[in-house]
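Undergrad: Sending over data.txt (compact mmCIF, C-alpha atoms and all ligand atoms).
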# COMPACT_ATOMS: atom_id res chain seq x y z
CA MET P 1 -26.93 -21.40 21.45
CA SER P 2 -30.58 -21.76 22.50
CA ARG P 3 -32.73 -24.66 21.37
CA PHE P 4 -34.79 -22.11 19.39
CA PHE P 5 -32.02 -20.89 17.10
CA SER P 6 -32.85 -21.56 13.46
CA ALA P 7 -31.07 -24.66 12.18
CA ALA P 8 -30.34 -22.70 9.01
CA ARG P 9 -28.26 -20.21 11.04
CA ALA P 10 -26.67 -22.59 13.55
CA ALA P 11 -23.36 -22.84 11.69
CA LEU P 12 -23.10 -19.10 11.00
CA VAL P 13 -19.74 -17.61 11.97
CA PRO P 14 -20.41 -13.91 12.57
CA TYR P 15 -18.07 -11.04 11.79
CA THR P 16 -15.58 -10.20 14.55
CA PRO P 17 -15.32 -6.42 14.99
CA GLY P 18 -11.97 -4.97 16.13
CA GLU P 19 -11.58 -4.72 19.89
CA GLN P 20 -12.91 -1.64 21.70
CA PRO P 21 -11.30 -2.33 25.10
CA LYS P 22 -12.16 -0.26 28.17
CA ASP P 23 -9.49 -1.61 30.59
CA MET P 24 -7.04 1.22 29.90
CA ARG P 25 -6.40 4.05 27.44
CA TYR P 26 -4.86 2.72 24.26
CA ILE P 27 -3.63 4.42 21.15
CA LYS P 28 -6.30 2.83 18.96
CA LEU P 29 -4.86 1.85 15.60
CA ASN P 30 -6.97 -1.28 15.13
CA THR P 31 -10.27 -0.31 13.46
CA ASN P 32 -9.29 2.31 10.87
CA GLU P 33 -11.21 5.10 12.58
CA SER P 34 -10.23 8.71 11.96
CA PRO P 35 -8.05 10.26 14.66
CA PHE P 36 -9.79 13.59 14.03
CA PRO P 37 -13.13 14.64 15.58
CA PRO P 38 -16.19 15.00 13.35
CA SER P 39 -16.65 18.33 11.55
CA GLU P 40 -17.97 21.01 13.91
CA LYS P 41 -20.86 21.54 11.49
CA ALA P 42 -21.73 17.86 11.81
CA GLN P 43 -21.59 18.02 15.61
CA LYS P 44 -23.74 21.15 15.75
CA MET P 45 -26.38 19.83 13.37
CA ALA P 46 -26.55 16.47 15.17
CA ALA P 47 -27.03 18.28 18.50
CA GLU P 48 -29.86 20.37 17.01
CA ALA P 49 -31.52 17.23 15.66
CA ALA P 50 -31.50 15.78 19.19
CA SER P 51 -34.33 18.17 20.11
CA PHE P 52 -36.66 16.40 17.67
CA LEU P 53 -35.97 12.79 18.53
CA GLN P 54 -39.64 12.24 19.43
CA LEU P 55 -40.28 12.11 15.67
CA TYR P 56 -39.33 9.38 13.23
CA PRO P 57 -36.55 10.41 10.86
CA ASP P 58 -37.29 11.11 7.17
CA PRO P 59 -37.37 7.59 5.64
CA THR P 60 -36.56 9.01 2.20
CA CYS P 61 -33.43 10.82 3.51
CA SER P 62 -34.25 13.43 0.90
CA ALA P 63 -31.97 16.25 2.08
CA LEU P 64 -29.02 13.92 2.59
CA HIS P 65 -29.52 12.19 -0.76
CA LYS P 66 -29.69 15.57 -2.48
CA ALA P 67 -26.48 16.77 -0.77
CA LEU P 68 -24.63 13.59 -1.72
CA ALA P 69 -25.97 13.65 -5.28
CA ASP P 70 -24.88 17.30 -5.61
CA LEU P 71 -21.37 16.39 -4.43
CA TYR P 72 -21.07 13.82 -7.22
CA GLY P 73 -23.04 15.62 -9.94
CA LEU P 74 -25.73 12.91 -9.89
CA ALA P 75 -29.49 12.74 -9.25
CA PRO P 76 -30.82 11.87 -5.77
CA GLU P 77 -32.33 8.70 -7.30
CA GLU P 78 -28.78 7.49 -8.00
CA VAL P 79 -27.77 7.37 -4.32
CA LEU P 80 -29.00 5.54 -1.22
CA CYS P 81 -27.79 6.16 2.33
CA THR P 82 -27.59 3.28 4.78
CA ASN P 83 -26.66 2.49 8.37
CA GLY P 84 -22.93 2.26 7.70
CA SER P 85 -21.67 0.82 4.44
CA ASP P 86 -22.05 -2.62 6.02
CA GLU P 87 -25.78 -2.19 5.51
CA ILE P 88 -25.56 -1.35 1.80
CA LEU P 89 -23.29 -4.38 1.36
CA ASN P 90 -25.84 -6.52 3.18
CA PHE P 91 -28.60 -5.09 0.94
CA ALA P 92 -26.47 -5.87 -2.14
CA PHE P 93 -26.15 -9.52 -1.10
CA MET P 94 -29.91 -9.66 -0.61
CA ALA P 95 -30.72 -7.87 -3.85
CA PHE P 96 -28.15 -9.24 -6.30
CA CYS P 97 -27.19 -12.73 -5.05
CA ASP P 98 -29.13 -15.93 -4.51
CA ALA P 99 -28.71 -19.69 -4.79
CA LYS P 100 -28.38 -19.32 -8.60
CA THR P 101 -26.33 -16.11 -8.58
CA PRO P 102 -23.23 -16.75 -6.48
CA ALA P 103 -20.80 -14.17 -5.16
CA VAL P 104 -17.13 -13.86 -5.98
CA PHE P 105 -14.57 -12.05 -3.84
CA ALA P 106 -10.89 -12.27 -2.93
CA ASP P 107 -9.49 -14.71 -0.37
CA ILE P 108 -7.93 -11.80 1.51
CA THR P 109 -10.47 -8.98 1.70
CA TYR P 110 -13.13 -7.48 3.95
CA GLY P 111 -14.33 -10.35 6.15
CA PHE P 112 -17.97 -9.32 6.08
CA TYR P 113 -18.51 -10.46 2.45
CA GLU P 114 -18.20 -14.09 3.51
CA VAL P 115 -20.45 -13.53 6.54
CA PHE P 116 -23.19 -11.92 4.42
CA ALA P 117 -22.94 -14.71 1.84
CA ASP P 118 -23.29 -17.33 4.59
CA LEU P 119 -26.12 -15.42 6.26
CA HIS P 120 -28.15 -15.32 3.05
CA GLY P 121 -27.25 -18.82 1.86
CA VAL P 122 -25.40 -17.44 -1.15
CA PRO P 123 -22.78 -19.77 -2.68
CA TYR P 124 -19.43 -18.06 -3.19
CA GLN P 125 -15.98 -18.46 -4.60
CA LYS P 126 -12.87 -16.86 -3.14
CA LYS P 127 -10.21 -15.79 -5.64
CA PRO P 128 -6.71 -15.96 -4.15
CA LEU P 129 -4.76 -12.72 -4.33
CA CYS P 130 -1.41 -12.98 -6.14
CA GLU P 131 1.74 -13.65 -4.11
CA ASP P 132 2.33 -9.90 -3.70
CA PHE P 133 -1.32 -9.41 -2.58
CA SER P 134 -2.31 -7.75 -5.86
CA ILE P 135 -5.57 -8.67 -7.57
CA ASN P 136 -5.49 -10.58 -10.84
CA ILE P 137 -8.12 -8.81 -12.95
CA GLU P 138 -8.69 -11.88 -15.13
CA ASP P 139 -9.96 -13.79 -12.07
CA TYR P 140 -13.00 -11.51 -12.09
CA CYS P 141 -13.78 -11.64 -15.79
CA GLN P 142 -15.09 -15.18 -16.35
CA ASN P 143 -17.65 -15.68 -13.59
CA ASN P 144 -21.39 -16.07 -13.67
CA ALA P 145 -21.56 -14.23 -10.39
CA THR P 146 -22.00 -10.98 -8.51
CA ILE P 147 -18.57 -9.53 -7.81
CA PHE P 148 -17.51 -7.83 -4.59
CA LEU P 149 -14.22 -5.94 -4.69
CA ALA P 150 -12.90 -3.62 -2.02
CA ASN P 151 -10.96 -0.86 -3.77
CA PRO P 152 -8.56 -0.13 -2.19
CA ASN P 153 -8.54 -3.62 -0.76
CA ALA P 154 -8.49 -4.28 2.97
CA PRO P 155 -6.42 -5.25 4.84
CA THR P 156 -3.73 -4.99 2.15
CA GLY P 157 -4.32 -1.32 1.23
CA ILE P 158 -3.64 -1.95 -2.47
CA ALA P 159 -5.79 -0.09 -5.03
CA LEU P 160 -6.77 -1.05 -8.56
CA LYS P 161 -6.86 1.64 -11.22
CA ARG P 162 -10.23 2.74 -12.55
CA GLU P 163 -9.43 1.33 -15.99
CA GLN P 164 -8.79 -2.11 -14.45
CA ILE P 165 -12.22 -2.02 -12.83
CA GLU P 166 -13.72 -0.92 -16.15
CA ARG P 167 -12.32 -4.10 -17.69
CA ILE P 168 -14.14 -6.12 -14.99
CA LEU P 169 -17.37 -4.16 -15.58
CA GLN P 170 -17.16 -4.77 -19.32
CA ALA P 171 -16.49 -8.48 -18.83
CA ASN P 172 -19.59 -8.86 -16.61
CA PRO P 173 -22.38 -6.99 -18.42
CA ASP P 174 -25.06 -9.28 -16.98
CA HIS P 175 -23.89 -9.22 -13.37
CA VAL P 176 -23.59 -6.57 -10.72
CA VAL P 177 -20.07 -5.52 -9.78
CA VAL P 178 -19.91 -4.01 -6.29
CA ILE P 179 -16.93 -1.74 -5.67
CA ASP P 180 -16.50 -1.11 -1.95
CA GLU P 181 -14.77 2.27 -1.69
CA ALA P 182 -14.58 2.51 2.12
CA TYR P 183 -11.00 3.84 1.86
CA VAL P 184 -11.05 5.55 -1.53
CA ASP P 185 -10.53 9.08 -0.20
CA PHE P 186 -6.99 8.32 0.93
CA GLY P 187 -5.47 8.13 -2.53
CA ALA P 188 -7.35 5.78 -4.89
CA GLU P 189 -9.41 6.47 -8.00
CA SER P 190 -13.15 6.37 -7.38
CA CYS P 191 -15.49 4.58 -9.78
CA VAL P 192 -18.34 7.01 -9.08
CA PRO P 193 -17.70 8.74 -12.45
CA LEU P 194 -18.54 5.39 -14.12
CA VAL P 195 -22.03 4.85 -12.71
CA ARG P 196 -23.82 6.41 -15.68
CA ALA P 197 -21.73 4.40 -18.14
CA TYR P 198 -22.26 0.97 -16.49
CA ASP P 199 -25.70 -0.12 -15.34
CA ASN P 200 -24.09 -3.09 -13.52
CA LEU P 201 -21.91 -0.96 -11.22
CA LEU P 202 -22.69 -0.35 -7.55
CA VAL P 203 -20.17 1.80 -5.67
CA THR P 204 -20.38 1.74 -1.87
CA GLN P 205 -18.83 4.37 0.37
CA THR P 206 -18.71 5.20 4.07
CA PHE P 207 -18.68 8.26 6.31
CA SER P 208 -16.75 6.20 8.93
CA LYS P 209 -13.21 6.89 7.73
CA SER P 210 -12.41 10.11 5.87
CA ARG P 211 -15.47 11.85 7.36
CA SER P 212 -14.75 10.90 11.00
CA MET P 213 -18.24 9.52 11.64
CA ALA P 214 -17.74 5.82 12.47
CA GLY P 215 -19.87 6.23 15.60
CA ALA P 216 -22.79 7.72 13.65
CA ARG P 217 -23.08 4.75 11.24
CA LEU P 218 -23.55 6.25 7.81
CA GLY P 219 -22.73 4.72 4.45
CA CYS P 220 -24.12 4.90 0.94
CA GLY P 221 -24.52 3.24 -2.41
CA ILE P 222 -24.10 5.05 -5.71
CA ALA P 223 -25.43 3.38 -8.85
CA SER P 224 -27.90 3.53 -11.71
CA ARG P 225 -31.50 4.43 -10.81
CA ALA P 226 -32.58 0.84 -11.43
CA LEU P 227 -30.02 -0.66 -9.03
CA ILE P 228 -30.85 1.97 -6.40
CA ALA P 229 -34.55 1.18 -6.81
CA ASP P 230 -33.80 -2.52 -6.13
CA LEU P 231 -31.79 -1.61 -3.05
CA ASN P 232 -34.66 0.61 -1.87
CA THR P 233 -36.99 -2.36 -2.13
CA ILE P 234 -34.69 -4.24 0.24
CA LYS P 235 -34.43 -1.22 2.54
CA TYR P 236 -38.22 -0.80 2.79
CA ALA P 237 -38.53 -4.55 3.35
CA THR P 238 -36.10 -4.48 6.28
CA ASN P 239 -35.75 -1.11 8.01
CA PRO P 240 -37.30 1.98 6.39
CA TYR P 241 -35.92 4.26 9.13
CA ASN P 242 -32.39 2.94 8.80
CA ILE P 243 -30.73 6.35 9.25
CA ASN P 244 -31.47 8.02 12.57
CA ALA P 245 -32.21 11.74 12.68
CA MET P 246 -28.96 12.77 14.39
CA THR P 247 -26.86 10.82 11.92
CA MET P 248 -28.78 12.30 9.00
CA ALA P 249 -28.11 15.80 10.35
CA ALA P 250 -24.44 15.03 10.98
CA GLY P 251 -24.13 13.70 7.43
CA LEU P 252 -25.54 16.96 6.06
CA GLY P 253 -23.13 18.90 8.26
CA VAL P 254 -20.02 17.06 7.10
CA LEU P 255 -21.03 17.26 3.44
CA ALA P 256 -21.24 21.05 3.89
CA ASP P 257 -17.66 20.97 5.20
CA GLU P 258 -15.73 19.26 2.39
CA ALA P 259 -12.62 21.39 3.04
CA TYR P 260 -12.37 19.83 6.52
CA THR P 261 -12.60 16.31 5.08
CA GLN P 262 -9.97 17.09 2.45
CA LYS P 263 -7.63 18.62 5.03
CA ASN P 264 -7.88 15.49 7.21
CA CYS P 265 -7.27 13.15 4.26
CA LYS P 266 -4.15 15.13 3.37
CA ALA P 267 -2.86 14.83 6.95
CA ILE P 268 -3.48 11.07 6.97
CA ILE P 269 -1.63 10.63 3.68
CA GLU P 270 1.35 12.63 5.03
CA ASN P 271 1.38 10.57 8.22
CA ARG P 272 1.18 7.37 6.16
CA VAL P 273 4.28 8.40 4.19
CA TYR P 274 6.07 9.14 7.49
CA MET P 275 4.98 5.88 9.14
CA THR P 276 5.84 3.75 6.12
CA ALA P 277 9.38 5.15 6.09
CA GLU P 278 9.78 4.63 9.87
CA LEU P 279 8.58 1.03 9.66
CA GLN P 280 10.87 0.30 6.73
CA LYS P 281 13.82 1.70 8.70
CA LEU P 282 12.94 -0.76 11.48
CA GLY P 283 13.03 -3.76 9.13
CA PHE P 284 9.35 -4.02 8.17
CA THR P 285 8.00 -4.90 4.76
CA VAL P 286 5.19 -2.39 4.17
CA ILE P 287 2.68 -2.96 1.38
CA PRO P 288 2.17 0.28 -0.61
CA SER P 289 -1.07 1.68 0.80
CA SER P 290 -3.78 3.88 -0.70
CA THR P 291 -5.75 3.86 2.57
CA ASN P 292 -5.72 5.15 6.15
CA PHE P 293 -3.80 2.07 7.30
CA VAL P 294 -0.62 0.19 6.45
CA PHE P 295 -0.14 -3.57 6.30
CA ALA P 296 3.28 -4.42 7.66
CA ALA P 297 5.31 -7.53 8.47
CA HIS P 298 8.65 -7.63 10.26
CA LYS P 299 11.37 -9.66 8.58
CA GLN P 300 12.32 -11.44 11.85
CA VAL P 301 9.56 -11.02 14.44
CA PRO P 302 6.20 -12.83 14.00
CA GLY P 303 3.10 -10.68 13.48
CA SER P 304 1.34 -12.09 16.55
CA GLU P 305 4.35 -11.16 18.71
CA ILE P 306 4.39 -7.58 17.39
CA TYR P 307 0.64 -7.35 18.07
CA ARG P 308 1.02 -8.68 21.63
CA ARG P 309 3.99 -6.50 22.55
CA LEU P 310 2.35 -3.37 21.16
CA ARG P 311 -0.79 -4.13 23.15
CA GLU P 312 1.25 -4.47 26.35
CA ASN P 313 2.66 -1.05 25.56
CA GLY P 314 -0.77 0.55 25.12
CA ILE P 315 -1.02 0.44 21.32
CA LEU P 316 -3.73 -1.58 19.59
CA VAL P 317 -3.30 -2.78 16.03
CA ARG P 318 -5.15 -5.52 14.12
CA HIS P 319 -3.72 -8.99 13.64
CA PHE P 320 -5.71 -11.49 11.56
CA ASP P 321 -5.94 -15.18 12.29
CA ASN P 322 -5.30 -16.23 8.71
CA PRO P 323 -2.16 -18.23 7.87
CA ARG P 324 -1.61 -16.33 4.62
CA ILE P 325 -1.25 -13.01 6.41
CA THR P 326 -0.12 -14.10 9.85
CA ALA P 327 3.21 -12.27 9.50
CA TYR P 328 1.35 -8.96 9.09
CA ASN P 329 -0.42 -6.40 11.22
CA ARG P 330 -2.85 -3.81 9.94
CA ILE P 331 -1.98 -0.49 11.50
CA THR P 332 -4.36 2.47 11.28
CA ILE P 333 -2.73 5.80 10.49
CA GLY P 334 -3.37 8.26 13.32
CA THR P 335 -2.13 11.71 14.25
CA ARG P 336 1.54 12.53 13.80
CA ALA P 337 1.98 12.29 17.59
CA ASP P 338 0.44 8.79 17.61
CA MET P 339 2.71 7.74 14.76
CA GLU P 340 5.78 9.06 16.57
CA THR P 341 4.78 7.11 19.69
CA LEU P 342 4.24 4.01 17.57
CA ALA P 343 7.66 4.35 15.92
CA ALA P 344 9.41 4.82 19.29
CA THR P 345 7.51 1.91 20.89
CA MET P 346 8.24 -0.36 17.95
CA ARG P 347 11.95 0.52 18.17
CA LYS P 348 11.95 -0.33 21.89
CA ILE P 349 10.12 -3.65 21.33
CA LEU P 350 12.53 -4.69 18.57
CA GLU P 351 15.55 -3.81 20.71
CA GLU P 352 14.14 -5.98 23.50
CA THR P 353 13.22 -8.84 21.17
CA LEU P 354 16.14 -9.15 18.74
N1 LIG M 1 -15.79 -2.03 3.71
C1 LIG M 1 -14.55 -2.17 4.17
C2 LIG M 1 -13.50 -2.64 3.22
C3 LIG M 1 -14.26 -1.91 5.51
O1 LIG M 1 -13.02 -2.08 5.98
C4 LIG M 1 -15.28 -1.45 6.36
C5 LIG M 1 -14.96 -1.08 7.80
N2 LIG M 1 -14.95 -2.09 8.71
C6 LIG M 1 -16.57 -1.34 5.83
C7 LIG M 1 -16.79 -1.62 4.50
C8 LIG M 1 -17.76 -0.97 6.68
O2 LIG M 1 -17.65 0.27 7.25
P1 LIG M 1 -18.91 1.02 7.83
O3 LIG M 1 -20.01 0.02 8.05
O4 LIG M 1 -18.42 1.65 9.07
O5 LIG M 1 -19.32 2.02 6.78
Let's see the structure in the file written out as structure tokens.
Ligand code: PMP

TA:
Amino acid sequence: MSRFFSAARAALVPYTPGEQPKDMRYIKLNTNESPFPPSEKAQKMAAEAASFLQLYPDPTCSALHKALADLYGLAPEEVLCTNGSDEILNFAFMAFCDAKTPAVFADITYGFYEVFADLHGVPYQKKPLCEDFSINIEDYCQNNATIFLANPNAPTGIALKREQIERILQANPDHVVVIDEAYVDFGAESCVPLVRAYDNLLVTQTFSKSRSMAGARLGCGIASRALIADLNTIKYATNPYNINAMTMAAGLGVLADEAYTQKNCKAIIENRVYMTAELQKLGFTVIPSSTNFVFAAHKQVPGSEIYRRLRENGILVRHFDNPRITAYNRITIGTRADMETLAATMRKILEETL
């Protein structure tokens, strides 16, 4: 730390992204990326946009907002695209939380909520998940706070039903409820159809997972016009050109190729069913997942050992340094070939270990 670093930030513990090692070729199952390339339309449109990079991108993102709004049957004023969904979450902390409006989120959830709260000096309360990692709805009904819920949750993969989230929305009419739908396309119910019914609902989504565009950094918020206007104030106060021209073009391309996205989601769900069964056969407890990853713990072998042995064998998964989930690894669902290699490698490791 330099002697110039703000005292207010000195204790900040930043988010730790999953490893992107370059020492050898791994089967990468550690950051929930898609194993499939981006839509060809997205690639082509991004390449075309490269010829105009001397110009600033459209700060209003008008074409992209219209395409997204059309997909959901909403108005462009009800959506806002951002540099990954991390940015819309950051904007939400800035717009809807402060010293007097704390944040509430689960003890086991997306790690960035705590980082954003700390960054912005927002007080927060963590609600412990139940023993089986499910969310107790009542925990989110009595707070004078902005609520952040990942649905499905990460890294557990468990989804709430839309009606359960409606109960939370109804119990918090004077506070914003942020539903982070990064993984919703892999089998959960989206709350987008509720945005016109609840003026306190902000749904966030990403193009990083089901749309194979993690490297392009594109996310969005979907909410009432008033909430989107607030988020736009934050955007224009931080980075008006937050979406670069190539990403904007790629986003338009993938939205014009919904069949490709749907086909990939279907393949991931099929591979998840396969992988869950294989892991169970090998003695793993696998939490029922509605996402593109599974959260699995072996009954005899510690999570850190599984992580280490897989890494030695060229497979990267994600192990979290949190005592409550130390037995588990979060394993991204990849291609069928990747899943078959994982199953065979896991079998070999267990034979060597047990
Ligand atoms: N929410 C959750 C629950 C996530 O797991 C992630 C991915 N790390 C994000 C949001 C952010 O994704 P991105 O910024 O790539 O849209």

Undergrad: Give the residue list for ligand LIG 1 (chain M) at 8 Å, counting only C-alpha atoms and all ligand atoms, as number ranges by chain, sorted by chain and then by residue number.

TA: P: 17, 31-32, 83-87, 89, 109-110, 112, 150-155, 180-183, 205-209, 214, 217-219

Undergrad: Kindly give the distance, in Å, that separates CA of Lys41 (chain P) and CA of Gly187 (chain P), rounded to a single decimal.

TA: 24.8 Å

Undergrad: Between CA of Gly215 (chain P) and CA of Arg330 (chain P), what is the distance, to one decimal in Å?

TA: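 That distance, rounded to one decimal, is 20.6 Å.
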
Undergrad: Between CA of Ser134 (chain P) and CA of Glu166 (chain P), what is the spacing in Å?

TA: 16.8 Å

Undergrad: Would you mind listing what lies within 6 Å of Lys126 (chain P) as a list in words, with only C-alpha atoms counted and same-chain residues fewer than 5 positions away left out?

TA: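 These residues fall inside the cut-off: Val104, Phe105, Ala106 and Asp107 of chain P.
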
Undergrad: For each of P:Gln125, P:Ser212, P:Ser34, P:Asn271, take the minimum atom-to-atom distance to Phe148 (chain P), counting all atoms listed in the file, then give the residue where this is smallest.

TA: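 For Phe148 (chain P), the nearest of the candidates is P:Gln125.
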
Undergrad: Of the candidates P:Cys81, P:Met94, P:Val184, P:Ile315, which shows the shortest atom-to-atom distance to Ala63 (chain P), using all atoms listed in the file?

TA: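 Once distances to Ala63 (chain P) are computed over all atoms listed in the file, the minimum belongs to P:Cys81.
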